[in-house]
$ cat work_23.json   # JSON, C-alpha atoms
[["chain", "number", "residue", "atom", "x", "y", "z"],
["A", 1079, "MET", "CA", 0.00, 0.00, 0.00],
["A", 1080, "SER", "CA", 1.37, 3.40, -0.88],
["A", 1081, "ALA", "CA", 1.76, 6.11, 1.70],
["A", 1082, "THR", "CA", -1.35, 8.17, 2.28],
["A", 1083, "GLU", "CA", -1.24, 11.72, 0.97],
["A", 1084, "VAL", "CA", -1.95, 14.18, 3.77],
["A", 1085, "THR", "CA", -1.97, 17.92, 3.21],
["A", 1086, "SER", "CA", -2.53, 20.75, 5.66],
["A", 1087, "SER", "CA", -6.28, 20.93, 5.02],
["A", 1088, "ARG", "CA", -7.38, 17.93, 2.98],
["A", 1089, "ILE", "CA", -6.85, 14.19, 2.94],
["A", 1090, "SER", "CA", -6.65, 12.23, -0.30],
["A", 1091, "TYR", "CA", -8.44, 8.88, -0.06],
["A", 1092, "GLU", "CA", -7.40, 7.70, -3.52],
["A", 1093, "SER", "CA", -4.90, 5.10, -2.28],
["A", 1094, "PHE", "CA", -7.30, 3.59, 0.28],
["A", 1095, "ALA", "CA", -8.46, 0.03, -0.37],
["A", 1096, "ILE", "CA", -11.86, 0.94, 1.10],
["A", 1097, "LYS", "CA", -12.68, 4.63, 1.35],
["A", 1098, "PRO", "CA", -14.40, 6.09, 4.43],
["A", 1099, "PRO", "CA", -18.01, 7.24, 4.15],
["A", 1100, "GLU", "CA", -18.61, 10.87, 3.25],
["A", 1101, "HIS", "CA", -19.54, 13.46, 5.83],
["A", 1102, "PRO", "CA", -19.80, 17.23, 5.15],
["A", 1103, "THR", "CA", -18.27, 18.42, 8.43],
["A", 1104, "TYR", "CA", -16.33, 15.49, 9.92],
["A", 1105, "ASP", "CA", -12.63, 16.28, 10.35],
["A", 1106, "LEU", "CA", -10.78, 12.95, 10.31],
["A", 1107, "LYS", "CA", -7.40, 14.64, 10.59],
["A", 1108, "GLY", "CA", -8.74, 16.61, 13.57],
["A", 1109, "ILE", "CA", -9.78, 13.35, 15.26],
["A", 1110, "ILE", "CA", -6.25, 12.01, 14.76],
["A", 1111, "LYS", "CA", -4.75, 15.13, 16.29],
["A", 1112, "LEU", "CA", -7.17, 14.97, 19.21],
["A", 1113, "ALA", "CA", -6.26, 11.33, 19.89],
["A", 1114, "LEU", "CA", -2.54, 12.12, 19.83],
["A", 1115, "GLU", "CA", -2.95, 15.18, 22.04],
["A", 1116, "GLU", "CA", -5.09, 13.20, 24.46],
["A", 1117, "ASP", "CA", -2.18, 10.77, 24.90],
["A", 1118, "ALA", "CA", 0.68, 13.28, 24.91],
["A", 1119, "GLY", "CA", -0.91, 15.91, 27.13],
["A", 1120, "ASP", "CA", 1.20, 19.03, 27.68],
["A", 1121, "ARG", "CA", 4.56, 17.26, 28.16],
["A", 1122, "GLY", "CA", 4.72, 14.51, 25.58],
["A", 1123, "ASP", "CA", 5.94, 10.98, 26.29],
["A", 1124, "VAL", "CA", 8.07, 11.60, 29.37],
["A", 1125, "THR", "CA", 9.21, 7.95, 29.53],
["A", 1126, "CYS", "CA", 10.50, 8.03, 25.95],
["A", 1127, "LEU", "CA", 12.15, 11.37, 26.54],
["A", 1128, "ALA", "CA", 13.93, 9.91, 29.57],
["A", 1129, "THR", "CA", 14.98, 6.53, 28.15],
["A", 1130, "ILE", "CA", 15.18, 6.55, 24.33],
["A", 1131, "PRO", "CA", 17.98, 8.43, 22.54],
["A", 1132, "PHE", "CA", 16.56, 11.14, 20.30],
["A", 1133, "ASP", "CA", 18.15, 9.83, 17.10],
["A", 1134, "MET", "CA", 17.70, 6.07, 17.66],
["A", 1135, "GLU", "CA", 16.00, 4.27, 14.76],
["A", 1136, "VAL", "CA", 14.12, 0.97, 15.03],
["A", 1137, "GLU", "CA", 11.79, -1.27, 13.09],
["A", 1138, "ALA", "CA", 8.49, -2.39, 14.62],
["A", 1139, "TYR", "CA", 6.11, -5.06, 13.36],
["A", 1140, "PHE", "CA", 2.33, -5.57, 13.35],
["A", 1141, "LEU", "CA", 1.22, -9.04, 14.45],
["A", 1142, "ALA", "CA", -2.36, -10.35, 14.43],
["A", 1143, "LYS", "CA", -3.42, -11.49, 17.91],
["A", 1144, "GLU", "CA", -6.50, -13.31, 16.60],
["A", 1145, "ASP", "CA", -8.07, -14.51, 13.36],
["A", 1146, "GLY", "CA", -10.26, -11.83, 11.83],
["A", 1147, "ILE", "CA", -10.74, -9.00, 9.38],
["A", 1148, "ILE", "CA", -8.05, -6.35, 9.54],
["A", 1149, "ALA", "CA", -9.25, -2.75, 9.55],
["A", 1150, "GLY", "CA", -7.64, 0.60, 10.22],
["A", 1151, "ILE", "CA", -4.56, 0.23, 8.02],
["A", 1152, "ALA", "CA", -5.26, 3.40, 6.05],
["A", 1153, "LEU", "CA", -6.01, 5.29, 9.27],
["A", 1154, "ALA", "CA", -2.78, 3.96, 10.81],
["A", 1155, "GLU", "CA", -0.79, 5.41, 7.91],
["A", 1156, "MET", "CA", -2.42, 8.77, 8.50],
["A", 1157, "ILE", "CA", -1.50, 8.67, 12.19],
["A", 1158, "PHE", "CA", 2.12, 7.76, 11.53],
["A", 1159, "HIS", "CA", 2.33, 10.52, 8.93],
["A", 1160, "GLU", "CA", 0.88, 13.03, 11.39],
["A", 1161, "VAL", "CA", 3.50, 12.13, 14.02],
["A", 1162, "ASP", "CA", 6.46, 11.89, 11.64],
["A", 1163, "PRO", "CA", 6.18, 12.02, 7.83],
["A", 1164, "SER", "CA", 9.62, 10.39, 7.52],
["A", 1165, "LEU", "CA", 8.42, 7.09, 9.04],
["A", 1166, "LYS", "CA", 8.40, 4.26, 6.50],
["A", 1167, "VAL", "CA", 5.27, 2.09, 6.75],
["A", 1168, "GLU", "CA", 4.72, -1.10, 4.75],
["A", 1169, "TRP", "CA", 1.82, -3.56, 4.73],
["A", 1170, "SER", "CA", 1.32, -7.02, 3.29],
["A", 1171, "LYS", "CA", -2.45, -6.78, 3.77],
["A", 1172, "ASN", "CA", -5.15, -4.23, 2.98],
["A", 1173, "ASP", "CA", -8.18, -3.12, 4.94],
["A", 1174, "GLY", "CA", -10.81, -5.83, 4.64],
["A", 1175, "ASP", "CA", -8.38, -8.74, 4.26],
["A", 1176, "PHE", "CA", -8.57, -11.80, 6.51],
["A", 1177, "VAL", "CA", -5.59, -12.40, 8.81],
["A", 1178, "HIS", "CA", -4.63, -15.46, 10.85],
["A", 1179, "LYS", "CA", -3.45, -15.29, 14.43],
["A", 1180, "GLY", "CA", 0.30, -14.73, 14.53],
["A", 1181, "LEU", "CA", 0.57, -13.28, 11.03],
["A", 1182, "GLN", "CA", 3.01, -10.41, 10.58],
["A", 1183, "PHE", "CA", 1.15, -8.07, 8.25],
["A", 1184, "GLY", "CA", 2.96, -4.75, 8.55],
["A", 1185, "ARG", "CA", 6.03, -2.89, 9.73],
["A", 1186, "VAL", "CA", 7.15, 0.65, 10.42],
["A", 1187, "HIS", "CA", 10.74, 1.95, 10.40],
["A", 1188, "GLY", "CA", 12.11, 5.23, 11.71],
["A", 1189, "ARG", "CA", 12.83, 7.16, 14.87],
["A", 1190, "ALA", "CA", 12.01, 5.01, 17.88],
["A", 1191, "HIS", "CA", 10.58, 7.89, 19.89],
["A", 1192, "ASN", "CA", 8.04, 8.81, 17.21],
["A", 1193, "ILE", "CA", 7.03, 5.20, 16.58],
["A", 1194, "VAL", "CA", 6.29, 4.72, 20.28],
["A", 1195, "VAL", "CA", 4.33, 7.99, 20.42],
["A", 1196, "ALA", "CA", 2.12, 6.86, 17.52],
["A", 1197, "GLU", "CA", 1.91, 3.18, 18.49],
["A", 1198, "ARG", "CA", -0.87, 3.17, 21.07],
["A", 1199, "VAL", "CA", -3.12, 5.54, 19.14],
["A", 1200, "VAL", "CA", -2.65, 3.41, 16.01],
["A", 1201, "LEU", "CA", -3.41, 0.20, 17.88],
["A", 1202, "ASN", "CA", -6.45, 1.66, 19.66],
["A", 1203, "PHE", "CA", -8.02, 2.60, 16.34],
["A", 1204, "MET", "CA", -7.02, -0.62, 14.57],
["A", 1205, "GLN", "CA", -8.24, -2.90, 17.38],
["A", 1206, "ARG", "CA", -11.60, -1.15, 17.57],
["A", 1207, "MET", "CA", -12.06, -1.08, 13.80],
["A", 1208, "SER", "CA", -10.88, -4.66, 13.29],
["A", 1209, "GLY", "CA", -13.24, -5.95, 15.97],
["A", 1210, "THR", "CA", -16.15, -4.12, 14.36],
["A", 1211, "ALA", "CA", -15.18, -5.29, 10.88],
["A", 1212, "THR", "CA", -14.80, -8.91, 12.00],
["A", 1213, "LEU", "CA", -18.21, -9.04, 13.67],
["A", 1214, "THR", "CA", -19.78, -7.24, 10.72],
["A", 1215, "LYS", "CA", -18.31, -9.77, 8.30],
["A", 1216, "ALA", "CA", -19.77, -12.69, 10.26],
["A", 1217, "MET", "CA", -23.23, -11.09, 10.41],
["A", 1218, "ALA", "CA", -23.14, -9.99, 6.76],
["A", 1219, "ASN", "CA", -22.28, -13.52, 5.65],
["A", 1220, "ALA", "CA", -25.09, -14.97, 7.78],
["A", 1221, "ALA", "CA", -27.62, -12.43, 6.46],
["A", 1222, "TYR", "CA", -26.81, -12.82, 2.76],
["A", 1223, "PRO", "CA", -28.56, -12.14, 0.37],
["A", 1224, "ALA", "CA", -29.95, -9.46, 2.67],
["A", 1225, "TYR", "CA", -27.35, -6.93, 3.80],
["A", 1226, "MET", "CA", -26.34, -5.50, 7.14],
["A", 1227, "LEU", "CA", -26.82, -1.83, 8.06],
["A", 1228, "GLU", "CA", -25.42, -0.04, 11.09],
["A", 1229, "THR", "CA", -27.05, 2.74, 13.14],
["A", 1230, "ARG", "CA", -26.20, 6.12, 14.65],
["A", 1231, "LYS", "CA", -25.39, 4.36, 17.93],
["A", 1232, "THR", "CA", -21.67, 5.01, 17.54],
["A", 1233, "ALA", "CA", -19.07, 6.26, 20.00],
["A", 1234, "PRO", "CA", -19.33, 10.08, 20.17],
["A", 1235, "GLY", "CA", -16.67, 11.64, 17.97],
["A", 1236, "LEU", "CA", -15.89, 8.33, 16.23],
["A", 1237, "ARG", "CA", -18.92, 7.99, 13.96],
["A", 1238, "LEU", "CA", -17.06, 8.09, 10.69],
["A", 1239, "VAL", "CA", -14.41, 5.69, 12.02],
["A", 1240, "ASP", "CA", -17.02, 3.22, 13.31],
["A", 1241, "LYS", "CA", -19.05, 3.37, 10.10],
["A", 1242, "TRP", "CA", -15.87, 3.01, 8.04],
["A", 1243, "ALA", "CA", -15.13, -0.22, 9.93],
["A", 1244, "VAL", "CA", -18.59, -1.54, 9.01],
["A", 1245, "LEU", "CA", -17.86, -0.90, 5.33],
["A", 1246, "ILE", "CA", -14.51, -2.67, 5.65],
["A", 1247, "GLY", "CA", -16.31, -5.66, 7.18],
["A", 1248, "GLY", "CA", -18.75, -5.94, 4.28],
["A", 1249, "GLY", "CA", -21.70, -4.10, 5.79],
["A", 1250, "ARG", "CA", -23.39, -1.00, 4.42],
["A", 1251, "ASN", "CA", -23.85, 2.44, 5.85],
["A", 1252, "HIS", "CA", -27.23, 3.68, 6.99],
["A", 1253, "ARG", "CA", -27.66, 7.45, 7.35],
["A", 1254, "MET", "CA", -24.55, 9.26, 8.58],
["A", 1255, "GLY", "CA", -26.57, 11.58, 10.80],
["A", 1256, "LEU", "CA", -29.73, 13.61, 11.10],
["A", 1257, "PHE", "CA", -28.97, 15.60, 7.96],
["A", 1258, "ASP", "CA", -28.69, 13.16, 5.05],
["A", 1259, "MET", "CA", -31.86, 11.06, 5.26],
["A", 1260, "VAL", "CA", -35.38, 11.43, 6.62],
["A", 1261, "MET", "CA", -36.12, 8.70, 9.13],
["A", 1262, "ILE", "CA", -39.61, 8.85, 10.61],
["A", 1263, "LYS", "CA", -39.63, 7.05, 13.95],
["A", 1264, "ASP", "CA", -42.21, 6.46, 16.65],
["A", 1265, "ASN", "CA", -41.71, 9.84, 18.35],
["A", 1266, "HIS", "CA", -42.19, 11.68, 15.04],
["A", 1267, "ILE", "CA", -45.28, 9.60, 14.28],
["A", 1268, "SER", "CA", -46.79, 10.34, 17.69],
["A", 1269, "ALA", "CA", -46.09, 14.07, 17.40],
["A", 1270, "ALA", "CA", -47.53, 14.25, 13.87],
["A", 1271, "GLY", "CA", -50.71, 12.39, 14.81],
["A", 1272, "GLY", "CA", -50.11, 9.16, 12.95],
["A", 1273, "VAL", "CA", -47.88, 7.52, 10.38],
["A", 1274, "ALA", "CA", -49.73, 8.88, 7.35],
["A", 1275, "ASP", "CA", -49.71, 12.40, 8.77],
["A", 1276, "ALA", "CA", -45.97, 12.14, 9.44],
["A", 1277, "LEU", "CA", -45.33, 11.04, 5.85],
["A", 1278, "LYS", "CA", -47.51, 13.84, 4.51],
["A", 1279, "ALA", "CA", -45.58, 16.39, 6.59],
["A", 1280, "VAL", "CA", -42.26, 15.06, 5.31],
["A", 1281, "ASP", "CA", -43.37, 15.14, 1.69],
["A", 1282, "LEU", "CA", -44.51, 18.74, 2.13],
["A", 1283, "TYR", "CA", -41.27, 19.78, 3.84],
["A", 1284, "LEU", "CA", -39.10, 18.25, 1.11],
["A", 1285, "GLU", "CA", -41.17, 19.89, -1.62],
["A", 1286, "GLN", "CA", -41.15, 23.31, 0.02],
["A", 1287, "ASN", "CA", -37.39, 23.18, 0.57],
["A", 1288, "ASN", "CA", -36.59, 21.66, -2.83],
["A", 1289, "LEU", "CA", -34.84, 18.69, -1.21],
["A", 1290, "GLN", "CA", -34.35, 15.20, -2.59],
["A", 1291, "MET", "CA", -33.26, 12.49, -0.19],
["A", 1292, "GLU", "CA", -34.21, 9.02, 0.95],
["A", 1293, "VAL", "CA", -37.19, 8.70, 3.29],
["A", 1294, "GLU", "CA", -37.64, 5.81, 5.68],
["A", 1295, "VAL", "CA", -40.60, 5.22, 7.95],
["A", 1296, "GLU", "CA", -40.72, 2.97, 10.99],
["A", 1297, "THR", "CA", -43.72, 0.68, 11.38],
["A", 1298, "ARG", "CA", -44.46, -1.31, 14.52],
["A", 1299, "THR", "CA", -47.67, -3.08, 13.55],
["A", 1300, "LEU", "CA", -49.30, -4.54, 10.46],
["A", 1301, "GLU", "CA", -51.90, -1.76, 10.72],
["A", 1302, "GLU", "CA", -49.17, 0.85, 10.37],
["A", 1303, "VAL", "CA", -47.74, -1.00, 7.35],
["A", 1304, "GLU", "CA", -51.18, -0.95, 5.75],
["A", 1305, "GLU", "CA", -51.59, 2.74, 6.56],
["A", 1306, "VAL", "CA", -48.25, 3.55, 4.90],
["A", 1307, "LEU", "CA", -49.15, 1.55, 1.82],
["A", 1308, "HIS", "CA", -52.57, 3.17, 1.58],
["A", 1309, "TYR", "CA", -51.07, 6.66, 1.84],
["A", 1310, "SER", "CA", -48.43, 5.91, -0.80],
["A", 1311, "SER", "CA", -51.04, 4.47, -3.17],
["A", 1312, "GLN", "CA", -53.09, 7.68, -3.00],
["A", 1313, "THR", "CA", -50.31, 10.28, -2.99],
["A", 1314, "LYS", "CA", -47.00, 10.98, -4.69],
["A", 1315, "THR", "CA", -44.45, 10.41, -1.97],
["A", 1316, "SER", "CA", -40.69, 10.46, -1.43],
["A", 1317, "LEU", "CA", -40.88, 7.28, 0.65],
["A", 1318, "THR", "CA", -38.10, 4.80, -0.24],
["A", 1319, "ARG", "CA", -37.93, 2.30, 2.63],
["A", 1320, "ILE", "CA", -40.19, 0.81, 5.29],
["A", 1321, "MET", "CA", -38.68, -0.35, 8.56],
["A", 1322, "LEU", "CA", -40.33, -3.33, 10.23],
["A", 1323, "ASP", "CA", -39.56, -2.66, 13.87],
["A", 1324, "ASN", "CA", -39.40, -5.54, 16.35],
["A", 1325, "MET", "CA", -41.59, -7.85, 14.26],
["A", 1326, "VAL", "CA", -39.40, -10.84, 15.10],
["A", 1327, "VAL", "CA", -40.70, -12.17, 18.40],
["A", 1328, "PRO", "CA", -38.49, -14.38, 20.63],
["A", 1329, "LEU", "CA", -40.16, -17.46, 22.09],
["A", 1330, "PRO", "CA", -39.53, -19.05, 25.51],
["A", 1331, "ASN", "CA", -37.91, -22.10, 23.89],
["A", 1332, "GLY", "CA", -35.25, -19.92, 22.23],
["A", 1333, "ASP", "CA", -36.87, -20.00, 18.80],
["A", 1334, "VAL", "CA", -38.42, -16.96, 17.12],
["A", 1335, "ASP", "CA", -41.84, -16.19, 15.67],
["A", 1336, "ILE", "CA", -41.50, -14.46, 12.29],
["A", 1337, "SER", "CA", -45.14, -14.68, 11.25],
["A", 1338, "MET", "CA", -45.81, -10.94, 11.63],
["A", 1339, "LEU", "CA", -42.60, -10.07, 9.79],
["A", 1340, "LYS", "CA", -43.47, -12.45, 6.97],
["A", 1341, "GLU", "CA", -46.94, -10.99, 6.61],
["A", 1342, "ALA", "CA", -45.56, -7.43, 6.56],
["A", 1343, "VAL", "CA", -43.09, -8.31, 3.79],
["A", 1344, "GLN", "CA", -45.91, -9.92, 1.80],
["A", 1345, "LEU", "CA", -48.05, -6.79, 2.20],
["A", 1346, "ILE", "CA", -45.26, -4.56, 0.91],
["A", 1347, "ASN", "CA", -44.62, -7.02, -1.93],
["A", 1348, "GLY", "CA", -41.45, -5.36, -3.23],
["A", 1349, "ARG", "CA", -42.96, -1.89, -3.63],
["A", 1350, "TYR", "CA", -40.38, -0.46, -1.22],
["A", 1351, "GLU", "CA", -37.14, -1.54, 0.33],
["A", 1352, "THR", "CA", -37.73, -3.25, 3.66],
["A", 1353, "GLU", "CA", -35.52, -3.02, 6.72],
["A", 1354, "VAL", "CA", -35.83, -5.31, 9.73],
["A", 1355, "PHE", "CA", -34.79, -3.96, 13.11],
["A", 1356, "THR", "CA", -34.99, -5.74, 16.42],
["A", 1357, "THR", "CA", -33.76, -4.96, 19.92],
["A", 1358, "LYS", "CA", -35.38, -7.94, 21.64],
["A", 1359, "PHE", "CA", -32.25, -10.07, 21.52],
["A", 1360, "ALA", "CA", -29.90, -7.50, 23.04]]
$ encode --input "work_23.json" --output "structure tokens"
Amino acid sequence: MSATEVTSSRISYESFAIKPPEHPTYDLKGIIKLALEEDAGDRGDVTCLATIPFDMEVEAYFLAKEDGIIAGIALAEMIFHEVDPSLKVEWSKNDGDFVHKGLQFGRVHGRAHNIVVAERVVLNFMQRMSGTATLTKAMANAAYPAYMLETRKTAPGLRLVDKWAVLIGGGRNHRMGLFDMVMIKDNHISAAGGVADALKAVDLYLEQNNLQMEVEVETRTLEEVEEVLHYSSQTKTSLTRIMLDNMVVPLPNGDVDISMLKEAVQLINGRYETEVFTTKFA
């Protein structure tokens, strides 16, 4: 993998095996700086300053501690570059590749002090992203031919990083935030006076503001599914997806009842994308 191009204000993602999702205001370089500053504080690495000669050069290696999907390689390059652009980083794997426990898949050469300063921040990001990517891959494989979506339930400040890891693991991104997709949930439905009224209000808002974006509506009952379908059959709507919320019911014997989910999918009959969401197994 070639070194990542980092400029003072922009980051080029062209060399990345899997590019991060887009966000209009997210500052990935700023997150890197914040992580490094969090670790260094106002004095830097006092242990390195005390024990490691300033000009000592070393070579460090990346070893996989477990089998899984590796993620965070491109981000690691950015971190090393931020600490010391002269560090030489090489990888034998790309983001999204499978690694076996014990595999040496990367190395970094340069000033020992700067490698140690970057090391923990690099590993913190890579371990988090690789864990997310590995679990995503397992779930995506199990769900095929359906696909896995994530949520906005990400660590504050790390949304783009967490959603990037999902992409690396073979999942797909849902909305990045509140700004890029209309998602009508139970609180919106209650405030609007019903699911059809909520959809009508959204359609009016998008038309008045000359906006085009995906619209998803949450349904909790078959009656709400029918109400959505009736509204959309009578009116031009921006609706693109119907969420079937908690329609998979766990049974005492450990099995699940999918009869309501199955009926809802049959009612929709391919007219809209369907999304299944459940919290009853958490």
$ residues_near_point --input "work_23.json" --point "(3.5, 11.1, 10.9)" --cutoff "12 Å" --atoms "all atoms listed in the file" --output "PyMOL selection string"
chain A and resi 1081-1085+1107+1110-1111+1114+1153-1167+1186-1189+1191-1197+1199-1200
$ closest_residue --input "work_23.json" --among "A:Glu1292, A:Arg1253, A:Ala1274, A:Asn1265" --to "His1308 of chain A" --atoms "all atoms listed in the file"
A:Ala1274
$ residues_around --input "work_23.json" --residues "segment 1296-1300 of chain A" --least-positions-apart "2" --cutoff "8 Å" --atoms "all atoms listed in the file" --output "list of chain:residue names"
A:Met1261, A:Ile1262, A:Lys1263, A:Asp1264, A:Glu1294, A:Glu1302, A:Val1303, A:Glu1304, A:Ile1320, A:Met1321, A:Leu1322, A:Asp1323, A:Asn1324, A:Met1325, A:Met1338, A:Glu1341, A:Ala1342
$ axis_aligned_box --input "work_23.json" --around "segment 1119-1136 of chain A" --padding-each-side "8 Å" --output "lines of an AutoDock Vina configuration file"
center_x = 8.6
center_y = 10.0
center_z = 22.2
size_x = 35.1
size_y = 34.1
size_z = 30.8
$ residues_around --input "work_23.json" --residues "Phe1140 of chain A" --least-positions-apart "3" --cutoff "12 Å" --atoms "only C-alpha atoms" --output "PyMOL selection string"
chain A and resi 1137+1143+1148+1151+1154+1167-1171+1177+1179-1187+1197+1200-1201+1204-1205
$ atom_distance --input "work_23.json" --atom1 "atom CA of Val1354 of chain A" --atom2 "atom CA of Ile1147 of chain A"
25.4 Å
$ closest_residue --input "work_23.json" --among "A:Thr1214, A:Asn1331, A:Asn1287, A:Asn1251" --to "Ala1149 of chain A" --atoms "only C-alpha atoms"
A:Thr1214
$ residues_around --input "work_23.json" --residues "Arg1237 of chain A" --least-positions-apart "6" --cutoff "9 Å" --atoms "all atoms listed in the file" --output "list in words"
Tyr1104, Arg1230, Lys1231 and Met1254 of chain A
$ write_last_selection --input "work_23.json" --atoms "C-alpha atoms" --output "PDB file, in the coordinates of the input"
ATOM      1  CA  TYR A1104     -16.330  15.490   9.920  1.00  0.00           C
ATOM      2  CA  ARG A1230     -26.200   6.120  14.650  1.00  0.00           C
ATOM      3  CA  LYS A1231     -25.390   4.360  17.930  1.00  0.00           C
ATOM      4  CA  MET A1254     -24.550   9.260   8.580  1.00  0.00           C
TER       5      MET A1254
END
$ atom_distance --input "work_23.json" --atom1 "atom CA of Met1259 of chain A" --atom2 "atom CA of Val1293 of chain A"
6.2 Å
$ decode --input "work_23.json" --residues "segment 1282-1298 of chain A" --atoms "N, CA, C and O atoms" --output "mmCIF file, in the first residue's frame"
data_model
loop_
_atom_site.group_PDB
_atom_site.id
_atom_site.type_symbol
_atom_site.label_atom_id
_atom_site.label_comp_id
_atom_site.auth_asym_id
_atom_site.auth_seq_id
_atom_site.Cartn_x
_atom_site.Cartn_y
_atom_site.Cartn_z
ATOM 1 N N LEU A 1282 -44.314 17.306 2.263
ATOM 2 C CA LEU A 1282 -44.513 18.745 2.126
ATOM 3 C C LEU A 1282 -43.221 19.505 2.420
ATOM 4 O O LEU A 1282 -42.860 20.441 1.687
ATOM 5 N N TYR A 1283 -42.524 19.103 3.468
ATOM 6 C CA TYR A 1283 -41.274 19.775 3.841
ATOM 7 C C TYR A 1283 -40.236 19.647 2.726
ATOM 8 O O TYR A 1283 -39.577 20.639 2.363
ATOM 9 N N LEU A 1284 -40.085 18.457 2.170
ATOM 10 C CA LEU A 1284 -39.098 18.253 1.113
ATOM 11 C C LEU A 1284 -39.448 19.067 -0.127
ATOM 12 O O LEU A 1284 -38.570 19.653 -0.766
ATOM 13 N N GLU A 1285 -40.740 19.121 -0.451
ATOM 14 C CA GLU A 1285 -41.170 19.892 -1.618
ATOM 15 C C GLU A 1285 -40.940 21.383 -1.409
ATOM 16 O O GLU A 1285 -40.413 22.069 -2.300
ATOM 17 N N GLN A 1286 -41.305 21.883 -0.255
ATOM 18 C CA GLN A 1286 -41.154 23.312 0.022
ATOM 19 C C GLN A 1286 -39.704 23.754 0.052
ATOM 20 O O GLN A 1286 -39.383 24.899 -0.281
ATOM 21 N N ASN A 1287 -38.807 22.847 0.459
ATOM 22 C CA ASN A 1287 -37.394 23.185 0.568
ATOM 23 C C ASN A 1287 -36.561 22.646 -0.592
ATOM 24 O O ASN A 1287 -35.326 22.725 -0.550
ATOM 25 N N ASN A 1288 -37.253 22.146 -1.615
ATOM 26 C CA ASN A 1288 -36.586 21.663 -2.828
ATOM 27 C C ASN A 1288 -35.480 20.660 -2.497
ATOM 28 O O ASN A 1288 -34.347 20.759 -2.976
ATOM 29 N N LEU A 1289 -35.804 19.690 -1.642
ATOM 30 C CA LEU A 1289 -34.838 18.691 -1.209
ATOM 31 C C LEU A 1289 -35.191 17.322 -1.780
ATOM 32 O O LEU A 1289 -36.369 16.969 -1.883
ATOM 33 N N GLN A 1290 -34.174 16.573 -2.148
ATOM 34 C CA GLN A 1290 -34.353 15.200 -2.589
ATOM 35 C C GLN A 1290 -33.450 14.312 -1.747
ATOM 36 O O GLN A 1290 -32.224 14.459 -1.777
ATOM 37 N N MET A 1291 -34.023 13.428 -0.996
ATOM 38 C CA MET A 1291 -33.263 12.487 -0.192
ATOM 39 C C MET A 1291 -34.123 11.287 0.139
ATOM 40 O O MET A 1291 -35.345 11.311 -0.049
ATOM 41 N N GLU A 1292 -33.472 10.233 0.589
ATOM 42 C CA GLU A 1292 -34.209 9.024 0.947
ATOM 43 C C GLU A 1292 -35.089 9.281 2.164
ATOM 44 O O GLU A 1292 -34.743 10.059 3.049
ATOM 45 N N VAL A 1293 -36.240 8.597 2.170
ATOM 46 C CA VAL A 1293 -37.185 8.702 3.290
ATOM 47 C C VAL A 1293 -37.512 7.297 3.773
ATOM 48 O O VAL A 1293 -37.935 6.446 2.988
ATOM 49 N N GLU A 1294 -37.308 7.094 5.061
ATOM 50 C CA GLU A 1294 -37.638 5.811 5.676
ATOM 51 C C GLU A 1294 -38.659 6.035 6.782
ATOM 52 O O GLU A 1294 -38.568 7.023 7.521
ATOM 53 N N VAL A 1295 -39.600 5.115 6.894
ATOM 54 C CA VAL A 1295 -40.601 5.223 7.947
ATOM 55 C C VAL A 1295 -40.594 3.947 8.772
ATOM 56 O O VAL A 1295 -40.493 2.840 8.234
ATOM 57 N N GLU A 1296 -40.676 4.108 10.072
ATOM 58 C CA GLU A 1296 -40.721 2.968 10.990
ATOM 59 C C GLU A 1296 -42.163 2.530 11.197
ATOM 60 O O GLU A 1296 -43.041 3.352 11.437
ATOM 61 N N THR A 1297 -42.388 1.236 11.079
ATOM 62 C CA THR A 1297 -43.718 0.676 11.381
ATOM 63 C C THR A 1297 -43.564 -0.375 12.469
ATOM 64 O O THR A 1297 -42.616 -1.164 12.468
ATOM 65 N N ARG A 1298 -44.534 -0.389 13.370
ATOM 66 C CA ARG A 1298 -44.458 -1.313 14.519
ATOM 67 C C ARG A 1298 -45.556 -2.366 14.491
ATOM 68 O O ARG A 1298 -45.494 -3.342 15.236
#
